[in-house]
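S.K.: File follows, model.txt with compact mmCIF, C-alpha atoms:
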```txt
# COMPACT_ATOMS: atom_id res chain seq x y z
CA MET R 1 22.67 -9.47 -7.93
CA ALA R 2 20.07 -11.86 -6.57
CA GLU R 3 18.43 -14.35 -8.90
CA ILE R 4 14.88 -13.39 -9.83
CA VAL R 5 12.23 -16.08 -10.13
CA VAL R 6 9.16 -14.86 -12.03
CA MET R 7 5.93 -16.61 -11.06
CA ARG R 8 2.29 -16.32 -12.03
CA ALA R 9 -0.27 -16.29 -9.25
CA VAL R 10 -2.34 -19.46 -9.17
CA THR R 11 -5.27 -18.83 -6.87
CA SER R 12 -7.12 -22.08 -7.47
CA ASP R 13 -6.12 -24.87 -5.11
CA ASN R 14 -4.20 -22.37 -3.01
CA LYS R 15 -5.03 -24.37 0.12
CA LEU R 16 -3.49 -27.53 -1.35
CA HIS R 17 -0.27 -25.68 -2.19
CA ALA R 18 -0.27 -24.02 1.24
CA ASP R 19 -0.67 -27.42 2.90
CA ASN R 20 2.31 -28.70 0.89
CA VAL R 21 4.42 -25.75 1.94
CA ARG R 22 3.51 -26.30 5.59
CA LYS R 23 4.42 -29.97 5.38
CA ILE R 24 7.79 -29.22 3.79
CA LEU R 25 8.54 -26.60 6.46
CA ASP R 26 7.49 -28.96 9.26
CA ASP R 27 9.48 -31.86 7.83
CA ASN R 28 12.57 -29.63 7.95
CA GLY R 29 11.85 -28.10 11.35
CA VAL R 30 11.54 -24.61 9.89
CA ILE R 31 9.15 -21.94 11.20
CA GLY R 32 7.56 -19.95 8.37
CA LEU R 33 6.45 -16.33 8.67
CA ASN R 34 4.33 -14.35 6.19
CA LEU R 35 5.36 -10.69 6.48
CA MET R 36 2.79 -8.19 5.19
CA SER R 37 2.35 -4.41 5.02
CA SER R 38 1.84 -1.41 2.77
CA PRO R 39 4.71 -0.46 0.47
CA GLY R 40 7.51 1.18 2.41
CA ALA R 41 6.33 0.29 5.91
CA GLY R 42 9.77 -1.11 6.66
CA LYS R 43 9.60 -4.85 5.97
CA THR R 44 13.04 -5.19 4.38
CA THR R 45 14.68 -2.83 6.87
CA LEU R 46 13.15 -4.88 9.69
CA LEU R 47 14.64 -8.05 8.20
CA GLU R 48 18.11 -6.50 7.77
CA LYS R 49 18.10 -5.40 11.41
CA THR R 50 16.61 -8.65 12.73
CA ILE R 51 19.14 -10.81 10.90
CA ALA R 52 22.07 -8.63 12.02
CA ASP R 53 20.98 -8.54 15.66
CA ASN R 54 20.30 -12.28 15.98
CA PRO R 55 23.28 -14.12 14.51
CA ASP R 56 22.41 -17.31 16.42
CA ILE R 57 19.12 -17.67 14.54
CA LYS R 58 19.46 -19.08 11.02
CA PHE R 59 17.15 -17.02 8.83
CA GLY R 60 16.21 -17.55 5.20
CA VAL R 61 14.20 -14.99 3.21
CA ILE R 62 11.88 -15.16 0.21
CA GLU R 63 11.43 -11.64 -1.14
CA GLY R 64 8.17 -11.01 -2.95
CA ASP R 65 7.95 -7.97 -5.22
CA VAL R 66 6.03 -6.98 -8.31
CA TYR R 67 9.32 -6.08 -10.02
CA THR R 68 13.07 -5.69 -9.27
CA ALA R 69 15.54 -7.63 -7.13
CA ARG R 70 16.20 -4.63 -4.90
CA ASP R 71 15.01 -6.25 -1.70
CA ALA R 72 16.79 -9.58 -2.20
CA ASP R 73 19.96 -7.64 -3.02
CA ARG R 74 19.67 -5.95 0.36
CA ILE R 75 19.10 -9.25 2.17
CA GLU R 76 22.04 -10.83 0.33
CA LYS R 77 24.33 -8.33 2.03
CA THR R 78 23.26 -9.63 5.46
CA GLY R 79 24.63 -13.06 4.54
CA ALA R 80 21.25 -14.77 4.93
CA PRO R 81 20.11 -16.90 1.99
CA SER R 82 17.44 -15.11 -0.05
CA ILE R 83 15.39 -15.63 -3.18
CA GLN R 84 13.62 -12.90 -5.14
CA LEU R 85 10.13 -13.75 -6.39
CA ASN R 86 8.63 -11.33 -8.92
CA THR R 87 4.92 -11.42 -9.73
CA GLU R 88 5.18 -8.91 -12.62
CA GLY R 89 1.81 -7.43 -11.82
CA ALA R 90 0.03 -9.62 -9.27
CA CYS R 91 -0.71 -7.86 -5.99
CA HIS R 92 0.06 -10.79 -3.66
CA LEU R 93 2.04 -14.01 -3.43
CA THR R 94 0.30 -17.36 -3.69
CA ALA R 95 1.33 -20.65 -2.07
CA ASN R 96 2.29 -22.26 -5.39
CA MET R 97 5.01 -19.62 -5.81
CA VAL R 98 6.50 -20.43 -2.41
CA GLU R 99 6.20 -24.15 -3.09
CA ALA R 100 8.09 -23.70 -6.37
CA VAL R 101 11.10 -21.95 -4.86
CA LEU R 102 11.44 -23.92 -1.61
CA PRO R 103 13.71 -26.51 -3.32
CA LYS R 104 16.17 -23.67 -3.96
CA MET R 105 16.63 -23.15 -0.22
CA ASN R 106 18.66 -25.36 2.07
CA LEU R 107 15.85 -25.74 4.58
CA LYS R 108 17.76 -28.19 6.79
CA GLU R 109 20.04 -25.29 7.71
CA LEU R 110 17.30 -22.80 8.59
CA ASP R 111 15.43 -22.00 11.78
CA ILE R 112 13.06 -19.37 10.42
CA LEU R 113 11.96 -18.71 6.84
CA ILE R 114 10.53 -15.23 6.39
CA ILE R 115 8.43 -14.59 3.30
CA GLU R 116 8.18 -10.88 2.59
CA ASN R 117 4.92 -10.50 0.72
CA ILE R 118 4.10 -7.86 -1.92
CA GLY R 119 3.73 -4.36 -0.46
CA ASN R 120 -0.03 -4.21 -0.21
CA LEU R 121 -2.36 -4.02 2.79
CA ILE R 122 -5.31 -5.69 1.05
CA CYS R 123 -4.70 -8.64 -1.29
CA PRO R 124 -1.96 -10.68 0.46
CA SER R 125 -4.09 -11.36 3.53
CA ALA R 126 -6.56 -13.41 1.46
CA PHE R 127 -4.01 -16.07 0.43
CA SER R 128 -2.39 -18.45 2.90
CA LEU R 129 1.22 -19.24 2.03
CA GLY R 130 1.39 -22.22 4.38
CA THR R 131 3.40 -20.29 6.97
CA HIS R 132 2.95 -20.81 10.69
CA LYS R 133 2.44 -17.16 11.56
CA ARG R 134 1.38 -13.90 9.96
CA VAL R 135 3.22 -10.71 10.87
CA VAL R 136 1.73 -7.37 9.82
CA LEU R 137 3.53 -4.04 9.92
CA LEU R 138 1.86 -0.65 10.25
CA SER R 139 4.26 2.27 9.97
CA THR R 140 3.49 5.45 11.88
CA PRO R 141 3.48 7.75 8.80
CA GLU R 142 0.60 5.71 7.36
CA GLY R 143 -1.57 7.01 10.19
CA GLY R 144 -3.37 5.43 13.13
CA ASP R 145 -6.65 4.98 11.26
CA LYS R 146 -5.55 2.07 9.07
CA VAL R 147 -6.59 -0.94 11.19
CA LEU R 148 -10.30 -0.36 10.64
CA LYS R 149 -9.82 0.80 7.03
CA TYR R 150 -7.88 -2.39 6.11
CA PRO R 151 -9.16 -4.86 8.70
CA ALA R 152 -8.49 -8.15 6.86
CA ALA R 153 -4.72 -7.88 7.22
CA PHE R 154 -4.88 -7.06 10.92
CA HIS R 155 -7.70 -9.44 11.80
CA ARG R 156 -5.62 -12.55 11.15
CA ALA R 157 -2.23 -11.20 12.28
CA ASP R 158 -0.33 -13.17 14.92
CA ALA R 159 2.03 -10.25 15.46
CA ILE R 160 1.38 -6.57 14.70
CA LEU R 161 4.45 -4.35 14.53
CA VAL R 162 3.88 -0.60 14.66
CA THR R 163 7.10 0.56 12.98
CA LYS R 164 8.94 3.89 12.64
CA THR R 165 8.00 5.09 16.12
CA ASP R 166 11.04 7.40 15.98
CA ILE R 167 9.02 9.71 13.69
CA ALA R 168 5.62 9.12 15.36
CA ASP R 169 5.48 12.63 16.81
CA ALA R 170 6.65 14.26 13.58
CA VAL R 171 3.81 12.62 11.62
CA GLY R 172 1.15 13.06 14.32
CA PHE R 173 0.61 9.33 14.78
CA ASP R 174 -2.10 8.39 17.29
CA MET R 175 -1.51 4.96 18.82
CA ASN R 176 -4.78 5.19 20.74
CA ILE R 177 -6.75 4.84 17.50
CA VAL R 178 -4.81 1.65 16.70
CA LEU R 179 -5.48 0.22 20.16
CA ASP R 180 -9.16 1.15 19.99
CA ASP R 181 -9.61 -0.36 16.52
CA LEU R 182 -7.80 -3.56 17.47
CA LYS R 183 -10.34 -4.16 20.25
CA SER R 184 -12.84 -5.12 17.55
CA VAL R 185 -10.51 -6.30 14.75
CA ASN R 186 -7.98 -8.39 16.67
CA PRO R 187 -8.34 -8.18 20.46
CA LYS R 188 -5.89 -11.02 21.21
CA THR R 189 -2.81 -9.56 19.48
CA GLU R 190 -1.08 -6.75 21.36
CA PRO R 191 0.85 -4.52 18.94
CA ILE R 192 4.59 -4.07 19.38
CA ALA R 193 5.59 -0.42 18.92
CA MET R 194 9.13 -0.27 17.60
CA SER R 195 11.77 1.54 15.58
CA VAL R 196 14.84 0.00 14.00
CA VAL R 197 16.32 3.51 13.95
CA SER R 198 16.03 4.29 17.68
CA GLY R 199 15.96 0.65 18.77
CA GLU R 200 12.75 1.20 20.74
CA GLY R 201 10.70 -1.97 21.07
CA VAL R 202 12.93 -4.24 18.99
CA ASP R 203 13.47 -6.47 22.03
CA GLY R 204 9.75 -7.18 22.14
CA TRP R 205 9.86 -8.33 18.51
CA TYR R 206 12.91 -10.51 19.10
CA LYS R 207 11.25 -12.03 22.17
CA TRP R 208 8.19 -12.88 20.08
CA LEU R 209 10.42 -14.46 17.39
CA ARG R 210 12.38 -16.51 19.92
CA GLY R 211 9.12 -17.70 21.47
CA LEU R 212 8.40 -19.46 18.16
CA LEU R 213 11.65 -21.43 18.31
CA LYS R 214 10.87 -22.93 21.72
CA LYS R 215 7.77 -24.66 20.49
CA MET V 1 -21.46 11.00 9.21
CA ALA V 2 -21.07 10.60 5.47
CA GLU V 3 -23.35 8.24 3.60
CA ILE V 4 -21.59 5.00 2.62
CA VAL V 5 -22.35 3.40 -0.74
CA VAL V 6 -21.22 -0.24 -0.88
CA MET V 7 -20.32 -1.42 -4.37
CA ARG V 8 -18.99 -4.62 -5.89
CA ALA V 9 -16.17 -4.35 -8.41
CA VAL V 10 -17.31 -5.19 -11.94
CA THR V 11 -14.19 -5.59 -14.05
CA SER V 12 -15.87 -6.79 -17.23
CA ASP V 13 -16.85 -3.97 -19.57
CA ASN V 14 -14.86 -1.54 -17.45
CA LYS V 15 -14.00 0.47 -20.56
CA LEU V 16 -17.70 0.93 -21.40
CA HIS V 17 -18.43 2.21 -17.90
CA ALA V 18 -15.33 4.42 -18.01
CA ASP V 19 -16.47 5.88 -21.33
CA ASN V 20 -19.87 6.62 -19.79
CA VAL V 21 -18.27 8.35 -16.83
CA ARG V 22 -16.11 10.45 -19.13
CA LYS V 23 -19.13 11.48 -21.20
CA ILE V 24 -21.11 12.50 -18.11
CA LEU V 25 -18.15 14.54 -16.81
CA ASP V 26 -17.62 16.22 -20.18
CA ASP V 27 -21.33 16.97 -20.59
CA ASN V 28 -21.20 18.79 -17.26
CA GLY V 29 -17.86 20.53 -17.85
CA VAL V 30 -16.20 18.72 -14.94
CA ILE V 31 -12.55 17.64 -14.89
CA GLY V 32 -12.12 14.20 -13.27
CA LEU V 33 -8.98 13.11 -11.41
CA ASN V 34 -8.11 9.60 -10.27
CA LEU V 35 -5.96 9.93 -7.12
CA MET V 36 -3.83 6.88 -6.29
CA SER V 37 -1.19 5.87 -3.75
CA SER V 38 -0.22 3.45 -1.02
CA PRO V 39 -2.25 3.59 2.21
CA GLY V 40 -1.30 6.61 4.27
CA ALA V 41 0.65 8.48 1.59
CA GLY V 42 -1.44 11.54 2.30
CA LYS V 43 -4.27 11.50 -0.25
CA THR V 44 -7.02 12.74 2.09
CA THR V 45 -4.76 15.28 3.78
CA LEU V 46 -3.79 16.60 0.35
CA LEU V 47 -7.48 17.02 -0.52
CA GLU V 48 -8.29 18.79 2.75
CA LYS V 49 -5.45 21.26 2.17
CA THR V 50 -6.19 21.71 -1.56
CA ILE V 51 -9.88 22.43 -0.97
CA ALA V 52 -9.12 24.87 1.87
CA ASP V 53 -6.45 26.76 -0.09
CA ASN V 54 -8.46 27.10 -3.31
CA PRO V 55 -11.93 28.35 -2.35
CA ASP V 56 -12.56 29.65 -5.88
CA ILE V 57 -12.39 26.11 -7.34
CA LYS V 58 -15.51 24.02 -6.82
CA PHE V 59 -14.32 20.56 -5.83
CA GLY V 60 -16.32 17.38 -5.36
CA VAL V 61 -14.83 14.19 -3.90
CA ILE V 62 -15.60 10.49 -4.21
CA GLU V 63 -13.80 8.66 -1.41
CA GLY V 64 -12.90 5.05 -2.13
CA ASP V 65 -12.08 2.80 0.81
CA VAL V 66 -12.30 -0.87 1.63
CA TYR V 67 -14.21 -0.02 4.80
CA THR V 68 -15.26 2.98 6.95
CA ALA V 69 -16.46 6.48 6.15
CA ARG V 70 -13.46 8.09 7.85
CA ASP V 71 -12.15 9.85 4.76
CA ALA V 72 -15.50 11.19 3.57
CA ASP V 73 -16.16 12.45 7.10
CA ARG V 74 -12.92 14.43 6.86
CA ILE V 75 -13.84 15.87 3.45
CA GLU V 76 -17.33 16.77 4.70
CA LYS V 77 -15.73 19.14 7.19
CA THR V 78 -14.14 21.11 4.32
CA GLY V 79 -17.59 21.88 2.98
CA ALA V 80 -16.96 20.14 -0.35
CA PRO V 81 -19.58 17.60 -1.43
CA SER V 82 -18.31 14.05 -0.88
CA ILE V 83 -19.51 10.48 -1.25
CA GLN V 84 -17.98 7.46 0.46
CA LEU V 85 -17.65 4.33 -1.68
CA ASN V 86 -16.79 1.12 0.19
CA THR V 87 -15.60 -1.97 -1.70
CA GLU V 88 -15.71 -4.26 1.36
CA GLY V 89 -12.68 -6.17 0.18
CA ALA V 90 -11.85 -5.20 -3.40
CA CYS V 91 -8.44 -3.58 -3.80
CA HIS V 92 -9.43 -0.95 -6.37
CA LEU V 93 -12.37 1.06 -7.65
CA THR V 94 -13.98 0.23 -10.98
CA ALA V 95 -15.72 2.60 -13.39
CA ASN V 96 -19.15 1.09 -12.74
CA MET V 97 -18.88 2.23 -9.10
CA VAL V 98 -18.17 5.80 -10.13
CA GLU V 99 -20.93 5.69 -12.74
CA ALA V 100 -23.40 4.51 -10.08
CA VAL V 101 -22.73 7.36 -7.65
CA LEU V 102 -22.35 10.24 -10.12
CA PRO V 103 -26.13 10.95 -10.04
CA LYS V 104 -25.73 11.70 -6.32
CA MET V 105 -23.44 14.64 -7.09
CA ASN V 106 -24.55 17.99 -8.42
CA LEU V 107 -22.05 17.97 -11.25
CA LYS V 108 -23.31 21.22 -12.78
CA GLU V 109 -21.88 22.98 -9.71
CA LEU V 110 -18.42 21.38 -9.81
CA ASP V 111 -15.17 22.31 -11.54
CA ILE V 112 -13.09 19.31 -10.49
CA LEU V 113 -14.21 15.88 -9.27
CA ILE V 114 -11.45 14.05 -7.41
CA ILE V 115 -11.85 10.31 -6.97
CA GLU V 116 -9.65 9.05 -4.15
CA ASN V 117 -8.94 5.45 -5.04
CA ILE V 118 -8.32 2.59 -2.59
CA GLY V 119 -4.95 2.86 -0.81
CA ASN V 120 -2.95 0.47 -2.97
CA LEU V 121 -0.02 1.06 -5.33
CA ILE V 122 -0.79 -1.94 -7.58
CA CYS V 123 -4.41 -2.76 -8.46
CA PRO V 124 -6.03 0.67 -9.02
CA SER V 125 -3.74 1.56 -11.91
CA ALA V 126 -5.17 -1.29 -14.01
CA PHE V 127 -8.72 0.10 -14.09
CA SER V 128 -9.66 3.32 -15.82
CA LEU V 129 -12.35 5.26 -14.00
CA GLY V 130 -13.07 7.53 -16.95
CA THR V 131 -11.23 10.46 -15.39
CA HIS V 132 -9.23 12.93 -17.45
CA LYS V 133 -6.03 12.66 -15.44
CA ARG V 134 -4.28 10.27 -13.07
CA VAL V 135 -2.46 11.66 -10.04
CA VAL V 136 -0.13 9.39 -8.08
CA LEU V 137 1.33 10.14 -4.66
CA LEU V 138 4.58 8.74 -3.30
CA SER V 139 5.29 9.70 0.31
CA THR V 140 8.89 10.07 1.43
CA PRO V 141 8.66 7.50 4.26
CA GLU V 142 7.79 4.82 1.67
CA GLY V 143 11.31 5.20 0.29
CA GLY V 144 12.76 6.36 -3.01
CA ASP V 145 12.89 2.88 -4.53
CA LYS V 146 9.16 2.48 -5.16
CA VAL V 147 8.85 3.78 -8.74
CA LEU V 148 10.63 0.80 -10.23
CA LYS V 149 9.11 -1.66 -7.75
CA TYR V 150 5.56 -0.53 -8.59
CA PRO V 151 5.97 0.86 -12.11
CA ALA V 152 2.38 0.49 -13.41
CA ALA V 153 1.03 3.24 -11.16
CA PHE V 154 3.79 5.68 -12.08
CA HIS V 155 3.99 4.79 -15.76
CA ARG V 156 0.57 6.21 -16.58
CA ALA V 157 0.55 9.08 -14.07
CA ASP V 158 -0.13 12.58 -15.41
CA ALA V 159 1.05 14.11 -12.14
CA ILE V 160 3.38 12.55 -9.56
CA LEU V 161 3.38 14.15 -6.13
CA VAL V 162 6.24 13.28 -3.78
CA THR V 163 4.56 14.05 -0.46
CA LYS V 164 5.74 14.54 3.13
CA THR V 165 8.99 16.22 2.13
CA ASP V 166 9.06 17.81 5.61
CA ILE V 167 10.23 14.44 6.98
CA ALA V 168 12.38 13.45 3.97
CA ASP V 169 15.64 13.86 5.88
CA ALA V 170 14.34 12.07 8.96
CA VAL V 171 13.40 9.00 6.90
CA GLY V 172 16.51 9.08 4.65
CA PHE V 173 14.50 9.63 1.47
CA ASP V 174 16.57 9.76 -1.74
CA MET V 175 14.86 11.80 -4.46
CA ASN V 176 17.65 10.94 -6.90
CA ILE V 177 16.44 7.34 -7.07
CA VAL V 178 12.94 8.56 -7.95
CA LEU V 179 14.28 10.83 -10.68
CA ASP V 180 16.52 8.08 -12.07
CA ASP V 181 13.71 5.51 -12.10
CA LEU V 182 11.26 7.91 -13.73
CA LYS V 183 13.64 8.29 -16.69
CA SER V 184 12.59 4.81 -17.78
CA VAL V 185 9.11 4.54 -16.23
CA ASN V 186 7.63 7.96 -17.03
CA PRO V 187 10.12 10.43 -18.53
CA LYS V 188 7.51 13.04 -19.45
CA THR V 189 6.10 13.65 -15.96
CA GLU V 190 8.27 15.73 -13.64
CA PRO V 191 7.46 14.94 -10.00
CA ILE V 192 6.29 17.70 -7.70
CA ALA V 193 8.01 17.48 -4.31
CA MET V 194 5.72 18.88 -1.64
CA SER V 195 4.54 18.92 1.95
CA VAL V 196 1.17 20.10 3.20
CA VAL V 197 2.83 20.51 6.62
CA SER V 198 5.63 22.89 5.59
CA GLY V 199 3.85 24.19 2.50
CA GLU V 200 6.84 23.37 0.30
CA GLY V 201 5.85 22.71 -3.29
CA VAL V 202 2.09 23.07 -2.86
CA ASP V 203 2.10 25.97 -5.33
CA GLY V 204 3.41 23.65 -8.02
CA TRP V 205 0.50 21.31 -7.42
CA TYR V 206 -2.04 24.12 -7.45
CA LYS V 207 -0.53 25.46 -10.67
CA TRP V 208 -0.89 22.01 -12.26
CA LEU V 209 -4.55 21.82 -11.10
CA ARG V 210 -5.36 25.28 -12.43
CA GLY V 211 -3.76 24.39 -15.74
CA LEU V 212 -6.53 21.79 -16.16
CA LEU V 213 -9.27 24.39 -15.78
CA LYS V 214 -7.95 26.57 -18.58
CA LYS V 215 -8.46 23.89 -21.18
```
Any chance you could give the structure as structure tokens?

M.R.:
Amino acid sequence: MAEIVVMRAVTSDNKLHADNVRKILDDNGVIGLNLMSSPGAGKTTLLEKTIADNPDIKFGVIEGDVYTARDADRIEKTGAPSIQLNTEGACHLTANMVEAVLPKMNLKELDILIIENIGNLICPSAFSLGTHKRVVLLSTPEGGDKVLKYPAAFHRADAILVTKTDIADAVGFDMNIVLDDLKSVNPKTEPIAMSVVSGEGVDGWYKWLRGLLKK
Amino acid sequence: MAEIVVMRAVTSDNKLHADNVRKILDDNGVIGLNLMSSPGAGKTTLLEKTIADNPDIKFGVIEGDVYTARDADRIEKTGAPSIQLNTEGACHLTANMVEAVLPKMNLKELDILIIENIGNLICPSAFSLGTHKRVVLLSTPEGGDKVLKYPAAFHRADAILVTKTDIADAVGFDMNIVLDDLKSVNPKTEPIAMSVVSGEGVDGWYKWLRGLLKK
């Protein structure tokens, strides 16, 4: 079972801690991603699939959860190094938490460090973790109306993944509402519609990821 | 379009405000429910269906959202009185918000007041709104592992509705994990598995609601 590191959220001086994280990542040539969504939108499943399908990219994962090591246990099975962070109540990660566990990762051997934030579409977006990019998932069963209802997460997203498109019809998902709402909330980021079950759209996500490595 | 009341969260003295809310509800013979879940678990859809199927119960609804009046607009169409509360950022309702809008509702004419909290499985559970009962939704696409990952919401729930069972097979939902986890988190509350699409289990929910009116 994955080791669990329990951390308290420190919101003061978050920018200082985020700057430290960014420097450590840059010094080691690692791209950092902050992965955010509602609970159950498919963050961990996306990581399992992404790691399995891209064996030439060296991924590391920090799994943020309120409780349990369930997600890190799943990532462990992919062979990628992972650390489980538990907040035991706090609704988001803070940069000091990431800073504290970075020494546990062999950053020199990583290309991309993905930090899976707490399942929550509100709080995590307010706290930079020092990552280079923010990736936000919206799963089709949540409904197409969520961009305007929870705009902060989507406003600052560098990639927006609309997940579980294989059940879009079954849940009556309307992509047009998402596209309409993004015109005001985040007009520069085109959402990637995808499903790790059907495989639809995963190439677009992998292309976006690989674009980060070229820079 | 529904009127939007914008309120700031006041977390100090929340118990005092919650006590006031409870007294006002009791004085008017109204049962209050605090409805909580992740975004898109089906809270508003549940209310639309519940109001339509039970015309003899006089429902009122307070819709909590970070932004937009989308949910209150949906409830308005059912004919039930509704008020839209926007927190403009805060991840949960507080009792002072409910207290402030209660005078806008004709409580003497209601049997049950349902307060749809912000879509968030973490923060809302920490703040009493003065309601008599807490109802928590877990939708099958979120996955069966969420009870132990987000225990606070489920621990204090008086009713647990496992929604969207019509797509349970399509999303690989495992009810056994929910039942196992509830043994430690909330052994006294038996979850009601239901779908407003197929109609499965809705009778169990209506029976639970009607049980409140008898008291």

S.K.: Write out as a tab-separated table (two decimals) with C-alpha atoms, in the coordinates of the input each polymer residue whose atoms come within 8 Å of stretch 115-130 of chain V, counting all atoms listed in the file; drop sequence neighbours fewer than 2 positions from it.

M.R.:
```
chain	number	residue	atom	x	y	z
R	38	SER	CA	1.84	-1.41	2.77
R	39	PRO	CA	4.71	-0.46	0.47
R	89	GLY	CA	1.81	-7.43	-11.82
R	90	ALA	CA	0.03	-9.62	-9.27
R	91	CYS	CA	-0.71	-7.86	-5.99
R	120	ASN	CA	-0.03	-4.21	-0.21
R	121	LEU	CA	-2.36	-4.02	2.79
R	122	ILE	CA	-5.31	-5.69	1.05
V	11	THR	CA	-14.19	-5.59	-14.05
V	14	ASN	CA	-14.86	-1.54	-17.45
V	15	LYS	CA	-14.00	0.47	-20.56
V	17	HIS	CA	-18.43	2.21	-17.90
V	18	ALA	CA	-15.33	4.42	-18.01
V	19	ASP	CA	-16.47	5.88	-21.33
V	20	ASN	CA	-19.87	6.62	-19.79
V	21	VAL	CA	-18.27	8.35	-16.83
V	22	ARG	CA	-16.11	10.45	-19.13
V	32	GLY	CA	-12.12	14.20	-13.27
V	33	LEU	CA	-8.98	13.11	-11.41
V	34	ASN	CA	-8.11	9.60	-10.27
V	35	LEU	CA	-5.96	9.93	-7.12
V	36	MET	CA	-3.83	6.88	-6.29
V	37	SER	CA	-1.19	5.87	-3.75
V	38	SER	CA	-0.22	3.45	-1.02
V	39	PRO	CA	-2.25	3.59	2.21
V	40	GLY	CA	-1.30	6.61	4.27
V	43	LYS	CA	-4.27	11.50	-0.25
V	44	THR	CA	-7.02	12.74	2.09
V	61	VAL	CA	-14.83	14.19	-3.90
V	62	ILE	CA	-15.60	10.49	-4.21
V	63	GLU	CA	-13.80	8.66	-1.41
V	64	GLY	CA	-12.90	5.05	-2.13
V	65	ASP	CA	-12.08	2.80	0.81
V	66	VAL	CA	-12.30	-0.87	1.63
V	91	CYS	CA	-8.44	-3.58	-3.80
V	92	HIS	CA	-9.43	-0.95	-6.37
V	93	LEU	CA	-12.37	1.06	-7.65
V	94	THR	CA	-13.98	0.23	-10.98
V	95	ALA	CA	-15.72	2.60	-13.39
V	98	VAL	CA	-18.17	5.80	-10.13
V	113	LEU	CA	-14.21	15.88	-9.27
V	132	HIS	CA	-9.23	12.93	-17.45
V	150	TYR	CA	5.56	-0.53	-8.59
V	152	ALA	CA	2.38	0.49	-13.41
V	153	ALA	CA	1.03	3.24	-11.16
V	156	ARG	CA	0.57	6.21	-16.58
```

S.K.: Could you check which of R:Asp111, R:Asp26, R:Glu190, R:Asp180 is closest to R:Pro55, using all atoms listed in the file?

M.R.: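 Closest candidate: R:Asp111.
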
S.K.: Sort by chain and increasing residue number a table of all residues of chain V within 6 Å of chain R, each with its closest pair of atoms and their distance in Å to one decimal, counting only C-alpha atoms, and write it as a Markdown table.

M.R.:
```
| residue | atom | partner | partner_atom | distance |
| --- | --- | --- | --- | --- |
| V:Gly40 | CA | R:Glu142 | CA | 3.7 |
| V:Tyr67 | CA | R:Lys149 | CA | 5.0 |
| V:Thr68 | CA | R:Lys149 | CA | 5.9 |
| V:Glu142 | CA | R:Gly40 | CA | 3.7 |
| V:Gly143 | CA | R:Gly40 | CA | 5.9 |
| V:Lys149 | CA | R:Tyr67 | CA | 5.0 |
```

S.K.: Give, as JSON, the centre coordinates and the x, y and z edge lengths in Å to one decimal for an axis-aligned box around all listed atoms of stretch 54-71 of chain V, padded by 8 Å on each side.

M.R.:
```
{"center_x": -12.5, "center_y": 14.4, "center_z": 0.3, "size_x": 24.0, "size_y": 46.5, "size_z": 31.2}
```

S.K.: For a test of reading the model, state the distance in Å between atom CA of R:Gly172 and atom CA of V:Asp169, rounded to one decimal.

M.R.: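 Answer for the atom CA of R:Gly172 to atom CA of V:Asp169 separation: 16.8 Å.
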
S.K.: Take the point (12.2, -6.9, 20.8) as written in the file and pick out every residue within 12 Å of it, counting only C-alpha atoms; give the list as a list in words.

M.R.: Leu46, Lys49, Thr50, Asp53, Asn54, Ala159, Leu161, Thr163, Pro191, Ile192, Ala193, Met194, Ser195, Val196, Gly199, Glu200, Gly201, Val202, Asp203, Gly204, Trp205, Tyr206, Lys207, Trp208, Leu209, Arg210 and Gly211 of chain R

S.K.: So the first atom is atom CA of V:Asn186 and the second is atom CA of V:Val136; what is the distance between them in Å, to one decimal place?

M.R.: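 These two atoms are separated by 11.9 Å.
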